[in-house]
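Okay, upload18.cif now, which holds mmCIF, C-alpha atoms:
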data_my_file
#
loop_
_atom_site.label_atom_id
_atom_site.label_comp_id
_atom_site.auth_asym_id
_atom_site.auth_seq_id
_atom_site.Cartn_x
_atom_site.Cartn_y
_atom_site.Cartn_z
CA MET H 1 0.00 0.00 0.00
CA SER H 2 1.34 3.45 -0.91
CA ALA H 3 2.17 6.15 1.59
CA GLU H 4 -0.66 8.24 0.17
CA ARG H 5 -3.28 5.59 0.92
CA GLU H 6 -1.91 5.14 4.45
CA LEU H 7 -2.11 8.88 5.09
CA ASP H 8 -5.62 9.02 3.68
CA ALA H 9 -6.69 6.13 5.90
CA ALA H 10 -5.22 7.87 8.95
CA GLY H 11 -7.08 11.07 8.14
CA ILE H 12 -3.90 13.10 7.71
CA THR H 13 -4.78 15.81 5.21
CA ALA H 14 -2.55 18.86 5.76
CA PRO H 15 0.14 18.88 3.00
CA ALA H 16 3.05 19.77 5.30
CA LEU H 17 2.03 17.10 7.80
CA ARG H 18 1.72 14.50 5.04
CA ASP H 19 5.26 15.37 3.95
CA ALA H 20 6.45 14.95 7.53
CA TYR H 21 4.95 11.49 7.82
CA ARG H 22 6.41 10.49 4.45
CA ARG H 23 9.87 11.42 5.72
CA CYS H 24 9.45 9.18 8.76
CA ARG H 25 8.23 6.33 6.57
CA GLU H 26 11.37 6.66 4.44
CA LEU H 27 13.59 6.47 7.53
CA ASN H 28 11.81 3.31 8.66
CA ALA H 29 12.12 1.65 5.26
CA LEU H 30 15.80 2.58 4.96
CA HIS H 31 17.06 1.59 8.41
CA GLY H 32 14.67 -0.91 9.99
CA ARG H 33 14.17 -3.86 7.67
CA THR H 34 12.62 -6.23 10.21
CA TYR H 35 10.69 -3.45 11.87
CA TYR H 36 9.45 -2.04 8.55
CA LEU H 37 8.30 -5.46 7.36
CA ALA H 38 6.35 -5.95 10.57
CA THR H 39 4.64 -2.57 10.20
CA ARG H 40 3.31 -3.66 6.81
CA LEU H 41 1.03 -6.01 8.75
CA LEU H 42 -0.65 -3.16 10.59
CA SER H 43 -3.82 -1.56 9.31
CA ALA H 44 -3.21 1.38 7.01
CA GLU H 45 -4.33 4.01 9.48
CA GLN H 46 -1.91 2.75 12.16
CA ARG H 47 1.23 2.80 10.03
CA PRO H 48 1.95 6.54 9.85
CA ALA H 49 2.02 6.83 13.64
CA VAL H 50 4.42 3.91 14.00
CA HIS H 51 6.64 5.40 11.29
CA ALA H 52 6.65 8.72 13.17
CA LEU H 53 7.71 7.08 16.43
CA TYR H 54 10.43 5.06 14.72
CA GLY H 55 11.58 8.03 12.62
CA PHE H 56 12.23 10.11 15.72
CA ALA H 57 14.06 7.27 17.50
CA ARG H 58 16.15 6.63 14.37
CA TRP H 59 17.05 10.30 14.03
CA VAL H 60 18.31 10.53 17.61
CA ASP H 61 20.11 7.18 17.41
CA ASP H 62 21.94 8.28 14.27
CA VAL H 63 23.22 11.37 16.09
CA VAL H 64 24.59 9.23 18.91
CA ASP H 65 26.25 6.74 16.54
CA ASP H 66 27.71 9.29 14.10
CA VAL H 67 31.36 8.26 13.78
CA HIS H 68 32.26 11.59 12.19
CA SER H 69 31.19 13.73 15.17
CA GLY H 70 33.01 14.29 18.42
CA LEU H 71 31.50 13.98 21.88
CA ASP H 72 30.88 17.71 22.26
CA ASP H 73 29.18 17.91 18.88
CA LYS H 74 26.94 14.95 19.70
CA ALA H 75 26.03 16.42 23.07
CA ALA H 76 25.17 19.73 21.41
CA ALA H 77 23.09 17.98 18.75
CA LEU H 78 21.15 15.96 21.33
CA GLY H 79 20.60 19.09 23.39
CA ALA H 80 19.26 20.89 20.33
CA ILE H 81 16.90 18.03 19.48
CA ASP H 82 15.66 17.87 23.05
CA ALA H 83 15.06 21.63 23.13
CA ARG H 84 13.21 21.52 19.83
CA LEU H 85 11.16 18.57 21.04
CA GLN H 86 10.13 20.37 24.23
CA ALA H 87 9.31 23.54 22.31
CA ALA H 88 7.26 21.58 19.78
CA LEU H 89 5.36 19.76 22.52
CA ALA H 90 4.60 23.05 24.25
CA ALA H 91 3.52 24.80 21.08
CA GLY H 92 1.83 21.82 19.50
CA ALA H 93 3.54 22.55 16.19
CA THR H 94 6.98 22.74 14.54
CA ASP H 95 8.51 23.14 11.10
CA ASP H 96 10.79 20.13 11.58
CA PRO H 97 9.30 17.22 9.58
CA VAL H 98 10.20 14.39 11.94
CA LEU H 99 9.08 16.30 15.01
CA ALA H 100 5.90 17.47 13.27
CA ALA H 101 4.85 13.88 12.63
CA LEU H 102 5.86 12.88 16.16
CA ILE H 103 3.88 15.67 17.82
CA ASP H 104 0.82 14.85 15.75
CA THR H 105 1.10 11.19 16.77
CA VAL H 106 1.55 12.05 20.45
CA HIS H 107 -1.64 14.09 20.42
CA ARG H 108 -3.65 11.60 18.36
CA TYR H 109 -2.86 8.69 20.65
CA ASP H 110 -2.36 10.47 23.97
CA ILE H 111 1.16 9.08 24.42
CA PRO H 112 2.72 10.11 27.78
CA LEU H 113 5.51 12.67 27.33
CA GLN H 114 7.58 10.97 30.05
CA HIS H 115 8.41 8.19 27.59
CA PHE H 116 10.26 10.66 25.36
CA GLN H 117 12.07 12.25 28.27
CA ASP H 118 13.25 8.80 29.39
CA PHE H 119 14.34 8.00 25.85
CA MET H 120 16.43 11.16 25.57
CA ALA H 121 18.01 10.47 28.97
CA SER H 122 19.24 7.06 27.78
CA MET H 123 20.54 8.54 24.54
CA ARG H 124 22.60 11.03 26.55
CA MET H 125 23.99 8.10 28.56
CA ASP H 126 25.40 6.70 25.34
CA LEU H 127 27.70 9.70 25.08
CA THR H 128 29.55 9.02 28.33
CA VAL H 129 28.75 5.50 29.56
CA THR H 130 30.69 2.77 27.79
CA ASP H 131 30.32 -0.15 30.22
CA TYR H 132 27.71 -1.47 32.65
CA ALA H 133 28.86 -3.14 35.86
CA THR H 134 25.65 -5.10 36.46
CA TYR H 135 22.40 -5.98 34.74
CA GLU H 136 20.64 -3.58 37.10
CA ASP H 137 22.86 -0.78 35.81
CA LEU H 138 22.16 -1.80 32.22
CA GLY H 139 18.44 -1.88 33.03
CA LYS H 140 18.45 1.86 33.70
CA TYR H 141 19.71 2.44 30.18
CA VAL H 142 17.48 -0.17 28.57
CA HIS H 143 14.37 1.31 30.15
CA GLY H 144 14.79 4.52 28.19
CA SER H 145 16.28 3.03 25.06
CA ALA H 146 13.90 0.09 24.63
CA ALA H 147 11.13 -0.39 27.20
CA VAL H 148 9.66 3.03 26.51
CA ILE H 149 9.59 2.27 22.77
CA GLY H 150 7.15 -0.55 23.49
CA LEU H 151 5.16 1.81 25.71
CA GLN H 152 5.08 4.52 23.03
CA VAL H 153 3.79 2.13 20.38
CA LEU H 154 1.20 0.43 22.59
CA PRO H 155 -1.48 3.16 22.27
CA VAL H 156 -1.18 2.97 18.48
CA LEU H 157 -1.55 -0.81 18.49
CA GLY H 158 -4.53 -0.73 20.82
CA THR H 159 -5.39 -3.30 23.47
CA SER H 160 -8.15 -5.76 24.26
CA VAL H 161 -7.59 -5.13 27.98
CA PRO H 162 -7.02 -1.88 29.91
CA ARG H 163 -3.81 -0.33 28.59
CA GLN H 164 -2.13 -0.40 32.01
CA GLU H 165 -2.53 -4.18 32.13
CA ALA H 166 -0.68 -4.59 28.82
CA GLU H 167 2.13 -2.13 29.57
CA PRO H 168 4.52 -4.50 31.43
CA ALA H 169 4.53 -6.99 28.54
CA ALA H 170 4.93 -4.20 25.97
CA ALA H 171 7.92 -2.85 27.87
CA ALA H 172 9.37 -6.37 28.16
CA LEU H 173 9.13 -6.92 24.42
CA GLY H 174 11.03 -3.70 23.78
CA VAL H 175 13.72 -4.90 26.18
CA ALA H 176 13.84 -8.36 24.55
CA PHE H 177 14.46 -6.77 21.14
CA GLN H 178 17.18 -4.55 22.60
CA LEU H 179 18.95 -7.43 24.36
CA THR H 180 18.87 -9.32 21.07
CA ASN H 181 20.54 -6.38 19.37
CA PHE H 182 23.21 -6.22 22.08
CA ILE H 183 24.10 -9.88 21.50
CA ARG H 184 24.01 -9.68 17.70
CA ASP H 185 25.96 -6.40 17.57
CA VAL H 186 28.52 -7.01 20.30
CA GLY H 187 31.38 -6.68 17.81
CA GLU H 188 30.07 -3.49 16.20
CA ASP H 189 29.41 -1.98 19.62
CA LEU H 190 32.99 -2.77 20.61
CA ASP H 191 34.16 -0.88 17.54
CA ARG H 192 32.22 2.14 18.88
CA GLY H 193 33.84 1.72 22.29
CA ARG H 194 30.79 0.30 24.04
CA VAL H 195 29.98 -2.95 25.83
CA TYR H 196 26.29 -3.53 26.57
CA LEU H 197 26.82 -6.82 28.42
CA PRO H 198 26.98 -6.74 32.25
CA ALA H 199 30.61 -6.81 33.35
CA ASP H 200 29.99 -8.93 36.45
CA GLU H 201 28.25 -11.63 34.39
CA LEU H 202 31.02 -11.65 31.80
CA ALA H 203 33.56 -11.96 34.61
CA GLU H 204 31.91 -15.18 35.77
CA HIS H 205 33.32 -16.71 32.58
CA GLY H 206 36.67 -14.94 32.77
CA VAL H 207 35.64 -12.41 30.13
CA ASP H 208 36.26 -8.68 30.15
CA ARG H 209 36.43 -5.90 27.58
CA GLU H 210 40.01 -6.78 26.65
CA ARG H 211 39.10 -10.40 25.99
CA LEU H 212 36.18 -9.33 23.81
CA MET H 213 38.43 -6.95 21.88
CA HIS H 214 41.00 -9.70 21.38
CA ALA H 215 38.29 -12.03 20.04
CA ARG H 216 37.10 -9.25 17.74
CA ALA H 217 40.62 -8.70 16.45
CA GLN H 218 41.21 -12.44 15.96
CA GLY H 219 37.90 -12.87 14.16
CA HIS H 220 36.51 -15.60 16.41
CA ALA H 221 35.29 -16.07 19.96
CA ASP H 222 37.07 -18.34 22.39
CA PRO H 223 35.17 -20.83 24.60
CA GLN H 224 34.89 -18.39 27.51
CA VAL H 225 33.38 -15.67 25.35
CA ARG H 226 30.93 -18.13 23.80
CA ALA H 227 29.85 -19.35 27.23
CA ALA H 228 29.29 -15.77 28.39
CA LEU H 229 27.19 -15.01 25.32
CA ARG H 230 25.13 -18.17 25.80
CA ASP H 231 24.16 -16.84 29.23
CA GLN H 232 23.06 -13.56 27.63
CA VAL H 233 20.98 -15.47 25.06
CA ARG H 234 19.24 -17.34 27.87
CA ARG H 235 18.36 -14.10 29.61
CA ALA H 236 16.99 -12.60 26.38
CA ARG H 237 14.81 -15.66 25.89
CA ASP H 238 13.49 -15.29 29.43
CA VAL H 239 12.46 -11.72 28.64
CA TYR H 240 10.72 -12.88 25.45
CA THR H 241 8.80 -15.36 27.60
CA ARG H 242 7.64 -12.54 29.88
CA ALA H 243 6.56 -10.52 26.86
CA TRP H 244 4.63 -13.33 25.17
CA PRO H 245 1.30 -12.96 27.06
CA GLY H 246 1.15 -9.35 25.95
CA ILE H 247 0.45 -10.29 22.33
CA GLU H 248 -2.99 -11.62 23.28
CA MET H 249 -3.63 -8.38 25.14
CA LEU H 250 -3.31 -6.37 21.94
CA ALA H 251 -6.18 -5.42 19.70
CA PRO H 252 -6.72 -8.39 17.32
CA ARG H 253 -5.76 -6.42 14.21
CA SER H 254 -2.35 -5.59 15.74
CA ARG H 255 -1.38 -9.08 16.87
CA PRO H 256 -0.03 -10.37 13.52
CA CYS H 257 2.39 -7.43 13.28
CA VAL H 258 3.81 -7.87 16.78
CA LEU H 259 3.90 -11.66 16.47
CA THR H 260 5.93 -11.31 13.27
CA ALA H 261 8.43 -9.00 14.95
CA TYR H 262 8.56 -11.36 17.93
CA ARG H 263 9.37 -14.35 15.73
CA LEU H 264 11.86 -12.58 13.47
CA TYR H 265 13.82 -11.14 16.38
CA GLY H 266 13.67 -14.50 18.13
CA ARG H 267 15.11 -16.01 14.96
CA ILE H 268 18.19 -13.82 15.44
CA LEU H 269 18.86 -15.62 18.73
CA ASP H 270 18.44 -18.95 16.92
CA LEU H 271 21.11 -17.89 14.43
CA VAL H 272 23.43 -16.76 17.21
CA GLU H 273 23.12 -20.17 18.83
CA SER H 274 23.60 -21.91 15.46
CA ALA H 275 26.87 -20.00 15.15
CA ASP H 276 27.86 -21.30 18.60
CA CYS H 277 27.64 -17.68 19.80
CA ASP H 278 30.59 -16.65 17.64
CA VAL H 279 29.19 -13.26 16.62
CA LEU H 280 32.38 -11.24 16.89
CA SER H 281 33.49 -11.88 13.34
CA ARG H 282 30.17 -11.42 11.57
CA ARG H 283 26.65 -10.09 11.98
CA VAL H 284 23.95 -12.73 11.84
CA VAL H 285 21.05 -11.74 9.59
CA VAL H 286 17.62 -13.26 9.09
CA SER H 287 17.35 -14.18 5.42
CA ASN H 288 14.75 -12.62 3.14
CA GLY H 289 13.27 -16.08 2.62
CA ARG H 290 12.79 -16.52 6.34
CA ARG H 291 11.26 -13.06 6.63
CA LEU H 292 8.73 -13.93 3.96
CA ALA H 293 8.03 -17.36 5.46
CA VAL H 294 7.08 -15.65 8.71
CA ALA H 295 5.37 -12.62 7.21
CA LEU H 296 3.09 -14.22 4.64
CA PRO H 297 1.02 -16.32 7.08
CA ALA H 298 0.90 -13.29 9.38
CA LEU H 299 -0.39 -11.19 6.50
CA ALA H 300 -3.25 -13.62 6.02
CA ARG H 301 -4.08 -13.41 9.74
CA ALA H 302 -3.92 -9.62 9.60
CA VAL H 303 -6.36 -9.48 6.70
CA PHE H 304 -8.71 -11.82 8.55
CA ALA H 305 -8.46 -9.76 11.74
CA ARG H 306 -9.31 -6.56 9.88
CA ALA H 307 -12.26 -8.20 8.17
CA ALA H 308 -13.50 -9.53 11.49
#
Please re-express this file's structure in structure tokens.
Amino acid sequence: MSAERELDAAGITAPALRDAYRRCRELNALHGRTYYLATRLLSAEQRPAVHALYGFARWVDDVVDDVHSGLDDKAAALGAIDARLQAALAAGATDDPVLAALIDTVHRYDIPLQHFQDFMASMRMDLTVTDYATYEDLGKYVHGSAAVIGLQVLPVLGTSVPRQEAEPAAAALGVAFQLTNFIRDVGEDLDRGRVYLPADELAEHGVDRERLMHARAQGHADPQVRAALRDQVRRARDVYTRAWPGIEMLAPRSRPCVLTAYRLYGRILDLVESADCDVLSRRVVVSNGRRLAVALPALARAVFARAA
């Protein structure tokens, strides 16, 4: 379905606002292959809002990960985005396309502003925090970088139970996706100077930053590193288990989308285990064939749910 039909279905008519939502949709399609595929299973009127939420998160994340900018420049850029966000929220309007779509979505779905404040706080942590001593410490970062993403999207998806009842599972699913990314991208994160795996848990296997860097340089993980990563995979699977009941709490038309994302991200953990947790030399990727194998049955369920 074209962007124009999605915008029509969502009742977005103002030309400038339509342009803003189109920009967010482009960011989603360019950067979030699994996420974008899953959004195709949503009803047309839901998609622009999800694109707006993702577009904002992608914009901020790109600032943090820009390898061509120094720490001071990144801090200034984040501060500017935060200031513009607060001004836009206060005024209810802005000429920035990504923020314009975001503000419109926030108002349409009554999304709590605290979620965006928590998100920006975690993004600022990325500028100065490069290691996490414990899982509790990591959890403070993950709340703002991942849990609140699930909470932001939940009002757009809709629920079959009171929203508050579904919020813990929605937050857990955001965390599960983030932990999966940390495991898959451990090598790339090392290249950026970051380790998102709890230091005390790595130490139980005799692993520290230096050992991870050595494995990255050698192009393969040693037995201790693999054992440490297996523990992280087990934790991620536990979080997926906590998130699972939340899918049935969603509005029926939204379940196929979230179930697809759940299965595709879970497949990443399968591939990590198939590689014996040696993810320091390569990035495991879910094949296009697998994406389609998961998405096509979900598409049929989505069509049925909308008809029902």
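Taking all atoms listed in the file into account, Arg124 of chain H lies nearest to H:Ala76 out of the set H:Met249, H:Ala76, H:Ala100, H:Leu27.
A straight line drawn from atom CA of Arg209 of chain H to atom CA of Trp59 of chain H is 28.7 Å long.
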List the residues matched by the PyMOL selection byres ((chain H and resi 273-282) around 8) in the displayed structure as a ChimeraX atom specification, ordered by chain and then by residue number. /H:183-187,215-216,219-221,226-227,229-230,269-272,283-284
Deliver the residues from the most recent selection as a file, using C-alpha atoms, as an mmCIF file, in the frame of the given file.
data_model
loop_
_atom_site.group_PDB
_atom_site.id
_atom_site.type_symbol
_atom_site.label_atom_id
_atom_site.label_comp_id
_atom_site.auth_asym_id
_atom_site.auth_seq_id
_atom_site.Cartn_x
_atom_site.Cartn_y
_atom_site.Cartn_z
ATOM 1 C CA ILE H 183 24.100 -9.880 21.500
ATOM 2 C CA ARG H 184 24.010 -9.680 17.700
ATOM 3 C CA ASP H 185 25.960 -6.400 17.570
ATOM 4 C CA VAL H 186 28.520 -7.010 20.300
ATOM 5 C CA GLY H 187 31.380 -6.680 17.810
ATOM 6 C CA ALA H 215 38.290 -12.030 20.040
ATOM 7 C CA ARG H 216 37.100 -9.250 17.740
ATOM 8 C CA GLY H 219 37.900 -12.870 14.160
ATOM 9 C CA HIS H 220 36.510 -15.600 16.410
ATOM 10 C CA ALA H 221 35.290 -16.070 19.960
ATOM 11 C CA ARG H 226 30.930 -18.130 23.800
ATOM 12 C CA ALA H 227 29.850 -19.350 27.230
ATOM 13 C CA LEU H 229 27.190 -15.010 25.320
ATOM 14 C CA ARG H 230 25.130 -18.170 25.800
ATOM 15 C CA LEU H 269 18.860 -15.620 18.730
ATOM 16 C CA ASP H 270 18.440 -18.950 16.920
ATOM 17 C CA LEU H 271 21.110 -17.890 14.430
ATOM 18 C CA VAL H 272 23.430 -16.760 17.210
ATOM 19 C CA ARG H 283 26.650 -10.090 11.980
ATOM 20 C CA VAL H 284 23.950 -12.730 11.840
#
Can you sort out the box for segment 226-241 of chain H, edges along x, y and z, all listed atoms in, 5 Å on every side, with centre and edge lengths in Å to one decimal, as JSON?
{"center_x": 19.9, "center_y": -15.5, "center_z": 26.7, "size_x": 32.1, "size_y": 17.6, "size_z": 15.8}
Every residue with an atom at most 6 Å from (-5.2, 0.9, 10.3) (file coordinates; only C-alpha atoms) is what I'm after, so could you write them as a PyMOL selection string? chain H and resi 43-46
Specify as a PDB file with C-alpha atoms, in the frame of the given file each residue included when the PyMOL selection byres ((chain H and resi 98) around 7) is applied to this file.
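The new file expr-v4.pdb reads:
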ATOM      1  CA  ALA H  20       6.450  14.950   7.530  1.00  0.00           C
ATOM      2  CA  ARG H  23       9.870  11.420   5.720  1.00  0.00           C
ATOM      3  CA  CYS H  24       9.450   9.180   8.760  1.00  0.00           C
ATOM      4  CA  ALA H  52       6.650   8.720  13.170  1.00  0.00           C
ATOM      5  CA  GLY H  55      11.580   8.030  12.620  1.00  0.00           C
ATOM      6  CA  PHE H  56      12.230  10.110  15.720  1.00  0.00           C
ATOM      7  CA  ASP H  96      10.790  20.130  11.580  1.00  0.00           C
ATOM      8  CA  PRO H  97       9.300  17.220   9.580  1.00  0.00           C
ATOM      9  CA  LEU H  99       9.080  16.300  15.010  1.00  0.00           C
ATOM     10  CA  ALA H 100       5.900  17.470  13.270  1.00  0.00           C
ATOM     11  CA  ALA H 101       4.850  13.880  12.630  1.00  0.00           C
ATOM     12  CA  LEU H 102       5.860  12.880  16.160  1.00  0.00           C
TER      13      LEU H 102
END
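Between atom CA of Arg25 of chain H and atom CA of Trp244 of chain H there is a distance of 27.3 Å.
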Would you translate the PyMOL selection byres ((chain H and resi 118) around 8) into the concrete set of residues it matches in this file, as a list in words? Gln114, His115, Phe116, Gln117, Phe119, Met120, Ala121, Ser122, His143, Gly144, Ser145 and Val148 of chain H
Same residues, C-alpha atoms, saved as a PDB file, keeping the file's coordinate frame:
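Now in out16.pdb:
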ATOM      1  CA  GLN H 114       7.580  10.970  30.050  1.00  0.00           C
ATOM      2  CA  HIS H 115       8.410   8.190  27.590  1.00  0.00           C
ATOM      3  CA  PHE H 116      10.260  10.660  25.360  1.00  0.00           C
ATOM      4  CA  GLN H 117      12.070  12.250  28.270  1.00  0.00           C
ATOM      5  CA  PHE H 119      14.340   8.000  25.850  1.00  0.00           C
ATOM      6  CA  MET H 120      16.430  11.160  25.570  1.00  0.00           C
ATOM      7  CA  ALA H 121      18.010  10.470  28.970  1.00  0.00           C
ATOM      8  CA  SER H 122      19.240   7.060  27.780  1.00  0.00           C
ATOM      9  CA  HIS H 143      14.370   1.310  30.150  1.00  0.00           C
ATOM     10  CA  GLY H 144      14.790   4.520  28.190  1.00  0.00           C
ATOM     11  CA  SER H 145      16.280   3.030  25.060  1.00  0.00           C
ATOM     12  CA  VAL H 148       9.660   3.030  26.510  1.00  0.00           C
TER      13      VAL H 148
END
Which neighbours of Tyr262 of chain H fall inside 10 Å, counting all atoms listed in the file, when residues of the same chain fewer than 2 positions from it are skipped, and could you give them as number ranges by chain? H: 38, 173-174, 176-177, 240, 243-244, 247, 256-260, 264-267
When you draw a straight line from atom CA of Leu212 of chain H to atom CA of Thr128 of chain H, how long is it in Å? 20.0 Å
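You can rank H:Asp189, H:Glu248, H:Glu6, H:Asp126 by their closest distance to Ala166 of chain H using all atoms listed in the file, and at the top of that list sits H:Glu248.
Minimum distance to Glu188 of chain H across H:Gly70, H:Arg22, H:Ile268, H:Met213 (counting only C-alpha atoms) occurs at H:Met213.
For the point (37.1, -12.6, 27.4), the residues with an atom at a distance of at most 9 Å are H:Leu202, H:Ala203, H:His205, H:Gly206, H:Val207, H:Asp208, H:Arg209, H:Glu210, H:Arg211, H:Leu212, H:Met213, H:His214, H:Ala215, H:Ala221, H:Asp222, H:Pro223, H:Gln224, H:Val225, H:Ala228, counting all atoms listed in the file.
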From the set H:Ser2, H:Tyr141, H:Leu42, H:Arg192, which residue has the shortest atom-to-atom contact distance to Asp66 of chain H, counting only C-alpha atoms? H:Arg192
Could you pull the residues within 12 Å of Leu250 of chain H, counting all atoms listed in the file, minus those fewer than 5 positions along the same chain, as JSON, numbers by chain? {"H": [153, 154, 155, 156, 157, 158, 159, 160, 161, 162, 163, 164, 165, 166, 167, 169, 170, 243, 244, 245, 255, 256, 257, 258, 259, 305]}
Just the residues within 9 Å of Asp200 of chain H, please, counting all atoms listed in the file, with nothing from its chain fewer than 5 positions along; format it as a VMD selection string. chain H and resid 132 to 135 208
